[in-house]
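What follows is the content of protein_15.tsv (TSV, C-alpha atoms).
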chain	number	residue	atom	x	y	z
A	1	MET	CA	192.22	109.74	124.03
A	2	GLN	CA	189.74	107.16	122.71
A	3	PRO	CA	191.10	103.63	123.07
A	4	ILE	CA	191.56	101.39	120.02
A	5	LEU	CA	189.14	98.51	120.06
A	6	ASN	CA	190.21	94.93	120.34
A	7	GLN	CA	188.89	92.67	117.60
A	8	TYR	CA	188.97	88.90	117.26
A	9	LYS	CA	192.26	87.46	116.09
A	10	THR	CA	191.59	85.55	112.90
A	11	THR	CA	192.56	81.99	112.13
A	12	GLN	CA	193.57	81.19	108.57
A	13	PHE	CA	191.98	77.79	108.02
A	14	SER	CA	189.19	75.56	109.31
A	15	ARG	CA	188.16	71.95	108.86
A	16	ILE	CA	185.57	69.41	109.87
A	17	TYR	CA	186.96	67.41	112.80
A	18	SER	CA	184.28	64.76	112.98
A	19	ILE	CA	180.77	63.67	112.02
A	20	GLY	CA	178.15	62.09	114.25
A	21	ALA	CA	174.93	60.37	113.20
A	22	SER	CA	171.61	59.29	114.63
A	23	ARG	CA	168.74	57.78	112.68
A	24	GLY	CA	165.14	57.19	113.60
A	25	ASP	CA	164.66	53.97	115.59
A	26	LEU	CA	162.03	52.50	113.23
A	27	VAL	CA	162.79	50.87	109.87
A	28	VAL	CA	159.81	51.67	107.65
A	29	THR	CA	159.49	49.67	104.44
A	30	ASN	CA	157.76	50.71	101.23
A	31	ASP	CA	155.06	48.13	101.86
A	32	ASP	CA	154.40	49.79	105.22
A	33	ILE	CA	153.41	53.06	103.56
A	34	ALA	CA	152.26	52.06	100.06
A	35	GLY	CA	148.59	51.51	100.92
A	36	PRO	CA	147.38	55.09	101.52
A	37	ILE	CA	149.09	56.33	98.33
A	38	ASP	CA	147.85	53.39	96.22
A	39	SER	CA	151.42	52.51	95.33
A	40	SER	CA	153.82	49.58	95.62
A	41	ASP	CA	157.32	48.69	96.74
A	42	GLU	CA	158.43	48.42	93.10
A	43	TRP	CA	156.98	51.83	92.12
A	44	ILE	CA	158.61	53.59	95.09
A	45	ARG	CA	161.98	51.93	94.49
A	46	GLN	CA	161.92	52.82	90.81
A	47	ARG	CA	160.89	56.45	91.37
A	48	THR	CA	163.02	57.20	94.43
A	49	GLY	CA	165.60	54.48	95.10
A	50	ILE	CA	164.28	54.12	98.64
A	51	ILE	CA	164.04	50.58	100.02
A	52	THR	CA	163.56	51.55	103.66
A	53	ARG	CA	163.34	54.85	105.50
A	54	ARG	CA	164.22	55.47	109.12
A	55	ARG	CA	161.58	57.14	111.23
A	56	ALA	CA	161.47	57.96	114.89
A	57	SER	CA	158.95	56.32	117.18
A	58	LYS	CA	156.71	58.46	119.35
A	59	ASP	CA	159.19	58.09	122.19
A	60	GLN	CA	162.19	59.31	120.18
A	61	SER	CA	162.26	63.09	119.81
A	62	LEU	CA	164.15	65.33	117.44
A	63	MET	CA	166.22	66.41	120.44
A	64	ASP	CA	167.04	62.80	121.34
A	65	MET	CA	168.52	62.26	117.88
A	66	ALA	CA	170.35	65.59	117.91
A	67	VAL	CA	171.92	64.84	121.29
A	68	GLU	CA	173.03	61.36	120.18
A	69	ALA	CA	174.59	62.65	116.95
A	70	SER	CA	176.25	65.59	118.73
A	71	ASN	CA	177.74	63.48	121.51
A	72	GLN	CA	179.16	61.11	118.91
A	73	ALA	CA	180.71	63.98	116.94
A	74	ILE	CA	182.19	65.50	120.12
A	75	GLU	CA	183.66	62.16	121.16
A	76	ARG	CA	185.12	61.49	117.72
A	77	ALA	CA	186.59	65.00	117.58
A	78	GLY	CA	188.29	64.41	120.92
A	79	ILE	CA	187.28	67.79	122.29
A	80	ASP	CA	185.63	68.81	125.53
A	81	PRO	CA	182.06	70.05	125.01
A	82	ASN	CA	182.80	73.15	127.04
A	83	GLU	CA	185.27	74.16	124.32
A	84	ILE	CA	182.38	74.57	121.86
A	85	GLY	CA	182.02	78.25	121.06
A	86	ALA	CA	178.77	78.10	119.12
A	87	VAL	CA	175.95	75.65	118.41
A	88	ILE	CA	174.09	75.93	115.10
A	89	PHE	CA	171.05	73.73	114.63
A	90	SER	CA	169.43	73.53	111.22
A	91	THR	CA	165.90	72.18	111.39
A	92	ILE	CA	162.41	72.74	110.06
A	93	SER	CA	160.73	70.32	112.45
A	94	HIS	CA	161.51	71.65	115.92
A	95	PRO	CA	158.00	71.82	117.36
A	96	TYR	CA	158.41	75.12	119.25
A	97	GLN	CA	158.47	78.55	117.61
A	98	THR	CA	160.74	79.57	120.49
A	99	PRO	CA	163.08	78.95	122.26
A	100	SER	CA	165.44	77.48	119.69
A	101	ALA	CA	166.33	73.81	119.55
A	102	ALA	CA	170.00	74.82	119.61
A	103	THR	CA	169.85	76.31	123.10
A	104	MET	CA	168.34	73.15	124.56
A	105	LEU	CA	170.86	71.04	122.66
A	106	ALA	CA	173.79	73.12	123.91
A	107	ASP	CA	172.67	72.58	127.47
A	108	LYS	CA	172.09	68.84	127.06
A	109	ILE	CA	175.53	68.17	125.59
A	110	GLY	CA	177.48	70.22	128.14
A	111	ALA	CA	178.14	73.25	125.93
A	112	ASN	CA	176.11	75.68	128.08
A	113	PRO	CA	176.63	78.77	127.94
A	114	ALA	CA	177.74	78.64	124.28
A	115	PRO	CA	175.82	80.92	121.92
A	116	ALA	CA	173.23	78.77	120.17
A	117	PHE	CA	170.75	79.40	117.41
A	118	ASP	CA	168.63	77.62	114.82
A	119	ILE	CA	168.69	78.18	111.10
A	120	SER	CA	165.88	77.42	108.67
A	121	ALA	CA	167.23	76.47	105.28
A	122	ALA	CA	165.55	73.08	104.97
A	123	CYS	CA	167.59	70.56	102.97
A	124	ALA	CA	170.37	73.10	102.40
A	125	GLY	CA	170.55	73.82	106.13
A	126	TYR	CA	173.53	71.68	107.10
A	127	CYS	CA	175.69	73.15	104.33
A	128	TYR	CA	174.48	76.64	105.34
A	129	GLY	CA	175.60	75.75	108.86
A	130	ILE	CA	179.02	74.59	107.73
A	131	ALA	CA	179.45	77.90	105.87
A	132	GLN	CA	178.64	79.81	109.06
A	133	ALA	CA	180.82	77.59	111.24
A	134	ASP	CA	183.74	78.07	108.85
A	135	ALA	CA	183.27	81.83	109.09
A	136	LEU	CA	182.96	81.82	112.89
A	137	VAL	CA	186.11	79.73	113.32
A	138	ARG	CA	188.27	81.62	110.84
A	139	SER	CA	187.13	85.00	112.14
A	140	GLY	CA	188.16	83.92	115.63
A	141	VAL	CA	184.66	84.22	117.11
A	142	ALA	CA	184.63	80.57	118.15
A	143	LYS	CA	187.28	77.89	118.46
A	144	TYR	CA	184.95	74.96	117.84
A	145	VAL	CA	181.45	75.09	116.37
A	146	LEU	CA	178.89	72.30	116.53
A	147	VAL	CA	176.71	72.15	113.42
A	148	VAL	CA	173.66	69.91	113.53
A	149	GLY	CA	171.14	69.11	110.84
A	150	GLY	CA	168.22	67.32	112.40
A	151	GLU	CA	164.63	66.55	111.53
A	152	LYS	CA	161.65	64.60	112.73
A	153	LEU	CA	159.76	65.04	109.47
A	154	SER	CA	157.33	62.25	110.28
A	155	ASP	CA	155.49	64.81	112.44
A	156	PHE	CA	154.77	66.84	109.29
A	157	ILE	CA	153.70	64.28	106.71
A	158	ASP	CA	150.38	63.20	105.25
A	159	PRO	CA	150.24	59.44	104.63
A	160	THR	CA	147.96	60.02	101.62
A	161	ASP	CA	150.29	62.54	99.96
A	162	ARG	CA	151.96	61.21	96.81
A	163	SER	CA	154.28	64.19	96.30
A	164	ILE	CA	156.84	63.97	99.10
A	165	SER	CA	155.62	62.37	102.33
A	166	PHE	CA	156.60	58.83	101.31
A	167	LEU	CA	160.22	59.95	100.84
A	168	LEU	CA	160.61	61.57	104.23
A	169	ALA	CA	162.45	60.25	107.25
A	170	ASP	CA	163.88	61.23	110.61
A	171	GLY	CA	167.44	61.65	111.83
A	172	ALA	CA	170.21	63.99	112.91
A	173	GLY	CA	173.75	64.51	111.73
A	174	ALA	CA	176.36	66.58	113.53
A	175	ALA	CA	179.77	68.01	112.75
A	176	ILE	CA	182.47	69.69	114.79
A	177	VAL	CA	184.23	72.48	112.89
A	178	GLY	CA	187.46	73.92	114.26
A	179	PRO	CA	190.79	75.54	113.40
A	180	SER	CA	193.20	73.83	111.02
A	181	ASP	CA	196.79	74.13	109.82
A	182	THR	CA	195.67	73.50	106.26
A	183	PRO	CA	192.52	74.45	104.28
A	184	GLY	CA	189.65	72.09	105.06
A	185	ILE	CA	186.50	73.90	103.91
A	186	SER	CA	186.33	75.67	100.55
A	187	PRO	CA	184.39	78.87	99.90
A	188	THR	CA	180.67	78.10	99.92
A	189	VAL	CA	178.55	78.67	96.85
A	190	TRP	CA	175.12	79.38	98.24
A	191	GLY	CA	171.92	81.22	97.57
A	192	SER	CA	168.16	80.98	97.22
A	193	ASP	CA	165.35	81.45	94.74
A	194	GLY	CA	162.27	82.71	96.56
A	195	SER	CA	160.35	82.93	93.29
A	196	LYS	CA	159.93	79.16	93.69
A	197	TRP	CA	158.88	79.49	97.34
A	198	GLU	CA	155.79	77.32	96.82
A	199	SER	CA	157.60	74.48	95.01
A	200	VAL	CA	158.39	72.80	98.33
A	201	SER	CA	156.44	74.05	101.30
A	202	MET	CA	153.97	73.43	104.05
A	203	THR	CA	150.38	73.06	102.88
A	204	ASP	CA	149.12	75.90	105.06
A	205	SER	CA	150.12	78.40	107.73
A	206	LEU	CA	149.87	77.64	111.42
A	207	LEU	CA	147.56	80.65	111.81
A	208	ASP	CA	145.00	79.09	109.49
A	209	PHE	CA	145.33	75.86	111.45
A	210	ARG	CA	144.75	77.77	114.72
A	211	ASP	CA	141.64	79.35	113.24
A	212	GLY	CA	140.25	75.95	112.28
A	213	LEU	CA	140.38	76.71	108.55
A	214	VAL	CA	142.73	73.89	107.61
A	215	SER	CA	143.98	70.57	108.92
A	216	TRP	CA	147.47	70.06	110.40
A	217	PRO	CA	149.94	71.52	107.87
A	218	THR	CA	152.21	69.00	106.18
A	219	LEU	CA	154.93	69.10	103.55
A	220	ARG	CA	154.20	69.14	99.82
A	221	GLN	CA	156.24	69.58	96.68
A	222	ASP	CA	155.86	70.10	92.98
A	223	GLY	CA	158.11	67.17	92.24
A	224	LEU	CA	158.89	67.81	88.59
A	225	THR	CA	159.73	71.49	89.06
A	226	VAL	CA	161.96	70.59	91.99
A	227	PHE	CA	163.58	67.73	90.07
A	228	LYS	CA	164.41	70.02	87.16
A	229	TRP	CA	165.86	72.67	89.46
A	230	ALA	CA	167.69	70.17	91.67
A	231	VAL	CA	169.51	68.65	88.72
A	232	TRP	CA	170.16	71.31	86.14
A	233	GLU	CA	170.53	74.33	88.42
A	234	MET	CA	172.48	72.39	91.07
A	235	VAL	CA	174.89	71.09	88.42
A	236	LYS	CA	175.87	74.71	87.85
A	237	VAL	CA	176.25	75.27	91.59
A	238	ALA	CA	178.33	72.10	91.99
A	239	LYS	CA	180.62	73.07	89.14
A	240	GLU	CA	181.05	76.56	90.58
A	241	ALA	CA	181.84	75.06	94.00
A	242	LEU	CA	184.59	72.94	92.42
A	243	GLU	CA	185.93	75.95	90.57
A	244	VAL	CA	186.11	78.24	93.60
A	245	ALA	CA	187.66	75.40	95.59
A	246	GLY	CA	190.33	75.06	92.93
A	247	VAL	CA	189.71	71.36	92.35
A	248	LYS	CA	188.44	69.22	89.50
A	249	ALA	CA	185.85	66.44	89.62
A	250	GLU	CA	188.60	63.83	89.31
A	251	ASP	CA	190.24	65.20	92.47
A	252	LEU	CA	187.21	64.22	94.55
A	253	SER	CA	187.00	61.15	96.75
A	254	ALA	CA	183.26	61.57	97.19
A	255	LEU	CA	180.10	63.36	96.18
A	256	VAL	CA	177.70	63.84	99.06
A	257	THR	CA	174.47	65.42	97.91
A	258	HIS	CA	171.28	66.04	99.78
A	259	GLN	CA	169.54	62.67	99.72
A	260	ALA	CA	166.32	63.78	98.08
A	261	ASN	CA	165.78	61.08	95.51
A	262	ILE	CA	168.17	58.62	93.87
A	263	ARG	CA	167.05	59.79	90.43
A	264	ILE	CA	168.27	63.31	91.25
A	265	ILE	CA	171.57	61.93	92.56
A	266	ASP	CA	172.10	59.71	89.51
A	267	GLU	CA	171.28	62.52	87.08
A	268	LEU	CA	173.62	64.90	88.92
A	269	VAL	CA	176.41	62.33	88.65
A	270	LYS	CA	175.73	62.01	84.93
A	271	GLN	CA	175.60	65.75	84.32
A	272	LEU	CA	178.77	66.34	86.37
A	273	GLN	CA	180.52	63.59	84.38
A	274	LEU	CA	182.03	62.26	87.59
A	275	PRO	CA	184.80	59.69	87.15
A	276	GLU	CA	183.74	56.22	88.31
A	277	ASN	CA	186.24	56.18	91.16
A	278	VAL	CA	184.43	59.03	92.93
A	279	VAL	CA	182.28	57.51	95.67
A	280	VAL	CA	178.69	58.72	95.45
A	281	ALA	CA	176.78	58.70	98.73
A	282	ARG	CA	173.43	56.94	98.36
A	283	ASP	CA	172.29	56.79	101.96
A	284	ILE	CA	168.75	57.51	100.77
A	285	ILE	CA	168.34	53.83	99.87
A	286	ASN	CA	168.16	52.76	103.51
A	287	THR	CA	167.57	56.04	105.35
A	288	GLY	CA	165.16	58.04	103.17
A	289	ASN	CA	165.10	61.81	102.84
A	290	THR	CA	165.93	63.47	106.18
A	291	SER	CA	166.18	67.06	104.87
A	292	ALA	CA	168.84	68.95	106.88
A	293	ALA	CA	170.24	65.72	108.30
A	294	SER	CA	170.80	63.97	105.00
A	295	VAL	CA	174.23	65.35	104.04
A	296	PRO	CA	175.98	64.56	107.35
A	297	LEU	CA	174.20	61.19	107.61
A	298	ALA	CA	175.29	60.29	104.08
A	299	MET	CA	178.85	61.41	104.77
A	300	ASP	CA	178.91	59.39	107.98
A	301	GLN	CA	177.68	56.32	106.10
A	302	ILE	CA	180.47	56.36	103.51
A	303	LEU	CA	183.05	57.01	106.25
A	304	GLN	CA	181.78	54.25	108.55
A	305	ASP	CA	181.49	51.79	105.66
A	306	GLY	CA	185.13	52.49	104.78
A	307	LEU	CA	184.26	53.65	101.25
A	308	VAL	CA	186.35	56.81	101.65
A	309	LYS	CA	189.37	57.73	103.70
A	310	SER	CA	189.97	60.61	106.06
A	311	GLY	CA	191.79	63.42	104.29
A	312	GLY	CA	190.08	62.93	100.92
A	313	LEU	CA	188.00	65.64	99.28
A	314	ALA	CA	184.21	65.58	99.22
A	315	LEU	CA	181.87	67.89	97.37
A	316	GLN	CA	178.81	68.35	99.56
A	317	ILE	CA	175.69	70.06	98.31
A	318	GLY	CA	172.35	70.71	99.93
A	319	PHE	CA	169.25	71.98	98.13
A	320	GLY	CA	165.57	72.25	98.88
A	321	ALA	CA	162.71	74.37	100.16
A	322	GLY	CA	163.18	78.06	99.67
A	323	LEU	CA	164.52	77.19	97.19
A	324	ALA	CA	167.77	77.36	99.16
A	325	PHE	CA	171.06	75.79	98.17
A	326	ALA	CA	174.66	75.58	99.39
A	327	ALA	CA	177.73	73.67	98.25
A	328	GLN	CA	181.31	73.43	99.39
A	329	VAL	CA	184.26	71.09	99.05
A	330	VAL	CA	185.48	69.73	102.37
A	331	VAL	CA	188.34	67.57	103.55
A	332	LEU	CA	186.82	64.39	104.97
A	333	PRO	CA	187.32	64.05	108.74
B	1	MET	CA	167.09	77.44	60.47
B	2	ALA	CA	164.07	75.71	61.97
B	3	LEU	CA	164.05	71.94	61.76
B	4	SER	CA	161.27	70.04	60.02
B	5	GLN	CA	158.83	67.86	61.93
B	6	ASN	CA	160.67	64.72	60.81
B	7	GLU	CA	164.01	66.15	61.92
B	8	VAL	CA	162.58	67.04	65.33
B	9	LEU	CA	161.09	63.55	65.64
B	10	ALA	CA	164.45	61.97	64.81
B	11	GLY	CA	166.25	64.18	67.33
B	12	LEU	CA	163.66	63.52	70.01
B	13	ALA	CA	163.88	59.77	69.38
B	14	GLU	CA	167.62	59.94	70.04
B	15	ILE	CA	167.02	61.74	73.35
B	16	VAL	CA	164.38	59.18	74.38
B	17	ASN	CA	166.75	56.37	73.43
B	18	GLU	CA	169.57	57.84	75.50
B	19	GLU	CA	167.39	58.33	78.58
B	20	THR	CA	165.41	55.09	78.47
B	21	GLY	CA	167.11	52.70	76.06
B	22	ILE	CA	163.95	52.53	73.94
B	23	ASP	CA	164.73	51.82	70.26
B	24	THR	CA	164.51	55.02	68.19
B	25	GLU	CA	162.29	53.18	65.69
B	26	SER	CA	159.66	52.77	68.42
B	27	VAL	CA	159.42	56.50	69.07
B	28	LYS	CA	156.58	57.36	66.68
B	29	MET	CA	154.27	60.36	66.53
B	30	GLU	CA	151.18	58.52	67.77
B	31	LYS	CA	152.91	56.83	70.73
B	32	SER	CA	151.99	57.92	74.24
B	33	PHE	CA	154.99	58.59	76.46
B	34	VAL	CA	153.35	57.01	79.52
B	35	ASP	CA	151.00	54.35	78.14
B	36	ASP	CA	152.99	53.11	75.12
B	37	LEU	CA	156.61	53.87	75.94
B	38	ASP	CA	156.31	53.40	79.73
B	39	ILE	CA	158.23	56.60	80.44
B	40	ASP	CA	157.75	57.91	83.98
B	41	SER	CA	157.44	61.56	84.94
B	42	ILE	CA	161.04	61.96	86.07
B	43	SER	CA	162.42	60.50	82.84
B	44	MET	CA	159.98	62.73	80.96
B	45	MET	CA	161.41	65.81	82.67
B	46	THR	CA	164.94	64.68	81.77
B	47	ILE	CA	163.83	64.24	78.15
B	48	VAL	CA	162.24	67.70	78.21
B	49	VAL	CA	165.41	69.39	79.49
B	50	ASN	CA	167.57	67.59	76.94
B	51	ALA	CA	165.11	68.58	74.20
B	52	GLU	CA	165.26	72.21	75.34
B	53	GLU	CA	169.04	72.13	74.94
B	54	LYS	CA	169.08	70.21	71.68
B	55	PHE	CA	166.44	72.30	69.90
B	56	SER	CA	167.13	75.63	71.66
B	57	VAL	CA	163.52	75.99	72.81
B	58	LYS	CA	161.84	76.66	76.14
B	59	ILE	CA	159.28	74.10	77.34
B	60	PRO	CA	157.56	75.52	80.46
B	61	ASP	CA	157.04	73.08	83.37
B	62	ASP	CA	153.27	73.64	83.10
B	63	GLU	CA	153.35	72.57	79.46
B	64	VAL	CA	154.97	69.19	80.14
B	65	LYS	CA	151.73	67.62	81.37
B	66	ASN	CA	150.11	68.46	78.01
B	67	LEU	CA	152.72	66.51	76.07
B	68	ILE	CA	150.86	63.21	76.08
B	69	THR	CA	152.14	61.76	72.81
B	70	VAL	CA	155.44	61.98	70.97
B	71	GLY	CA	153.52	63.98	68.36
B	72	ASP	CA	152.47	66.53	71.00
B	73	ALA	CA	156.11	67.09	71.86
B	74	VAL	CA	157.27	67.20	68.25
B	75	ASN	CA	154.57	69.72	67.37
B	76	PHE	CA	155.31	71.89	70.39
B	77	ILE	CA	159.03	71.94	69.65
B	78	THR	CA	158.50	72.56	65.94
B	79	GLN	CA	156.28	75.57	66.67
B	80	ALA	CA	158.46	76.83	69.51
B	81	GLN	CA	161.42	77.03	67.12
B	82	GLY	CA	159.50	79.88	65.56

Translate the structure described by the file into structure tokens.
Amino acid sequence: MQPILNQYKTTQFSRIYSIGASRGDLVVTNDDIAGPIDSSDEWIRQRTGIITRRRASKDQSLMDMAVEASNQAIERAGIDPNEIGAVIFSTISHPYQTPSAATMLADKIGANPAPAFDISAACAGYCYGIAQADALVRSGVAKYVLVVGGEKLSDFIDPTDRSISFLLADGAGAAIVGPSDTPGISPTVWGSDGSKWESVSMTDSLLDFRDGLVSWPTLRQDGLTVFKWAVWEMVKVAKEALEVAGVKAEDLSALVTHQANIRIIDELVKQLQLPENVVVARDIINTGNTSAASVPLAMDQILQDGLVKSGGLALQIGFGAGLAFAAQVVVLP
Amino acid sequence: MALSQNEVLAGLAEIVNEETGIDTESVKMEKSFVDDLDIDSISMMTIVVNAEEKFSVKIPDDEVKNLITVGDAVNFITQAQG
């Protein structure tokens, strides 16, 4: 007789246990970068909200930041790294096509031989990762999952580019997701719109660079198209995320958006008609836009500054190249 | 029913006022959004989206760069109302 297969025993709920953060070791001011784009501190502040951005020096790698953020998250979660059942690393700036950054990270933090893989969803990547971690934990595949959003975007910028380079920064944010007695991560509202694939992208393919046809590919965006999408389409996504979570805007302790541009954040707040008591993360002011790292870094900032308390609800939403997006309501660790 | 040019201008002036604080009286047909009203590209896009909603018209992203003056926008919206 054919035996009946075992399957994973499911767990009902999951939550974020902790957040860890690491920012680039250099503080780069607007004056430092204004020259090549014929701009000024005032213009950059007015258009983006950025006062300083954190970038990594030559000696600080993407992996260095990922390890620092991960170790901090593991310590804060109070778990042993060998209990981690999966490592998910969201990045667009890992400089090797293969192997993945996640496998190296897993080894460096003591999680070897955990399954480890990278995901490429740009600025939505961390929230994509949380969605996957939630699924892995609740399906019983893994007890604890480490989710990292990390970027060294300064390797992929053009100092003369006025579209996006001056916003970009370096850092890594990490979260430990694990089982919970109560619901801690709502259903994720996520998706993509590949018809706008070129709205935020690299200038050229690596193959054209290899063949000497183009210079080193760097990031570019069609800022106005992205702004319009990031506000008015993401408002719909945010509202849907609240609805599927079963909460209202006034139930939130915090809004943690991808830190793309303060004008996007402010317009989202306006369109969502958020009550004034909801804390809005504005880490972009001092950190800049770190793509996949920006949501966990911004959440860590409001937690460390004591602006929100553990146990409160936060709507987190990532959006960017792809155009990929993901939003979920989470209980703050 | 389609709105007249003056009605569109008045509605657009309200949108500009809400986004930028500029007095509605200053929003005149011949004024340039950038040079006269000092409206930056991000505010312009916000104005465009609000105008799309208010007047039930579609203003393509590629068209926005052609809307140099308030009159350009009023004329585009008036015609787009069909």

Would you tabulate, counting only C-alpha atoms, all residues of chain A that have an atom at most 8 Å from an atom of chain B, showing the closest pair of atoms and their distance in Å to one decimal, sorted by chain then ascending number, as a tab-separated table?
residue	atom	partner	partner_atom	distance
A:Arg47	CA	B:Ile42	CA	7.6
A:Leu224	CA	B:Ile42	CA	6.7
A:Thr225	CA	B:Asp61	CA	6.5
A:Phe227	CA	B:Ile42	CA	7.5
A:Lys228	CA	B:Met45	CA	6.8
A:Arg263	CA	B:Ile42	CA	7.7

Written file, previous selection with C-alpha atoms, as a PDB file, in the coordinates of the input:
ATOM      1  CA  ARG A  47     160.890  56.450  91.370  1.00  0.00           C
ATOM      2  CA  LEU A 224     158.890  67.810  88.590  1.00  0.00           C
ATOM      3  CA  THR A 225     159.730  71.490  89.060  1.00  0.00           C
ATOM      4  CA  PHE A 227     163.580  67.730  90.070  1.00  0.00           C
ATOM      5  CA  LYS A 228     164.410  70.020  87.160  1.00  0.00           C
ATOM      6  CA  ARG A 263     167.050  59.790  90.430  1.00  0.00           C
TER       7      ARG A 263
END

message = Quick one: residues within 9 Å of B:Ser4, all atoms listed in the file, excluding same-chain residues fewer than 4 positions away - as a PyMOL selection string?
response = chain B and resi 8-9+78

request  = Would you kindly return, as a PyMOL selection string, each protein, DNA or RNA residue with an atom no farther than 12 Å from any atom of B:Ser26, considering all atoms listed in the file and excluding same-chain residues fewer than 6 positions away?
outcome  = chain B and resi 9-10+12-14+16-17+20+32-33+36-38+70

Resulting file, chosen residues, C-alpha atoms, as a short mmCIF file (atom, residue, chain, number, x, y, z; two decimals), in the frame of the given file:
data_model
loop_
_atom_site.label_atom_id
_atom_site.label_comp_id
_atom_site.auth_asym_id
_atom_site.auth_seq_id
_atom_site.Cartn_x
_atom_site.Cartn_y
_atom_site.Cartn_z
CA LEU B 9 161.09 63.55 65.64
CA ALA B 10 164.45 61.97 64.81
CA LEU B 12 163.66 63.52 70.01
CA ALA B 13 163.88 59.77 69.38
CA GLU B 14 167.62 59.94 70.04
CA VAL B 16 164.38 59.18 74.38
CA ASN B 17 166.75 56.37 73.43
CA THR B 20 165.41 55.09 78.47
CA SER B 32 151.99 57.92 74.24
CA PHE B 33 154.99 58.59 76.46
CA ASP B 36 152.99 53.11 75.12
CA LEU B 37 156.61 53.87 75.94
CA ASP B 38 156.31 53.40 79.73
CA VAL B 70 155.44 61.98 70.97
#

inquiry  = Need to verify the contact set: stretch 12-21 of chain A, 9 Å, all atoms listed in the file, exclusion of same-chain residues closer than 4 positions in sequence. Can you return it as a PyMOL selection string?
reply    = chain A and resi 65-66+68-78+130+133-135+137-139+171-185+293+296-297+299-301+330-333

remark   = As a check of understanding: the span from atom CA of B:Ile47 to atom CA of A:Glu267 is 11.8 Å

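Note that atom CA of A:Ala106 and atom CA of A:Ala86 are 8.5 Å apart.
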
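Distance annotation: of B:Val34, B:Ile68, B:Ala2, B:Met29, the residue with the minimal separation from B:Ser56 is B:Ala2; atom set is all atoms listed in the file.
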
message = Set the distance at 12 Å and use all atoms listed in the file: which residues neighbour stretch 276-282 of chain A once local chain neighbours fewer than 4 positions away are removed? I'd like the list as a ChimeraX atom specification.
response = /A:48-51,248-270,272,286-289,294-309,312-317

key: Between atom CA of A:Leu168 and atom CA of A:Arg55 - distance in Å to one decimal   = 8.3 Å

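With all atoms listed in the file as the atoms that count, the minimum distance from A:Val87 to the choices A:Val67, A:Val235, A:Val147, A:Leu219 is reached by A:Val147.
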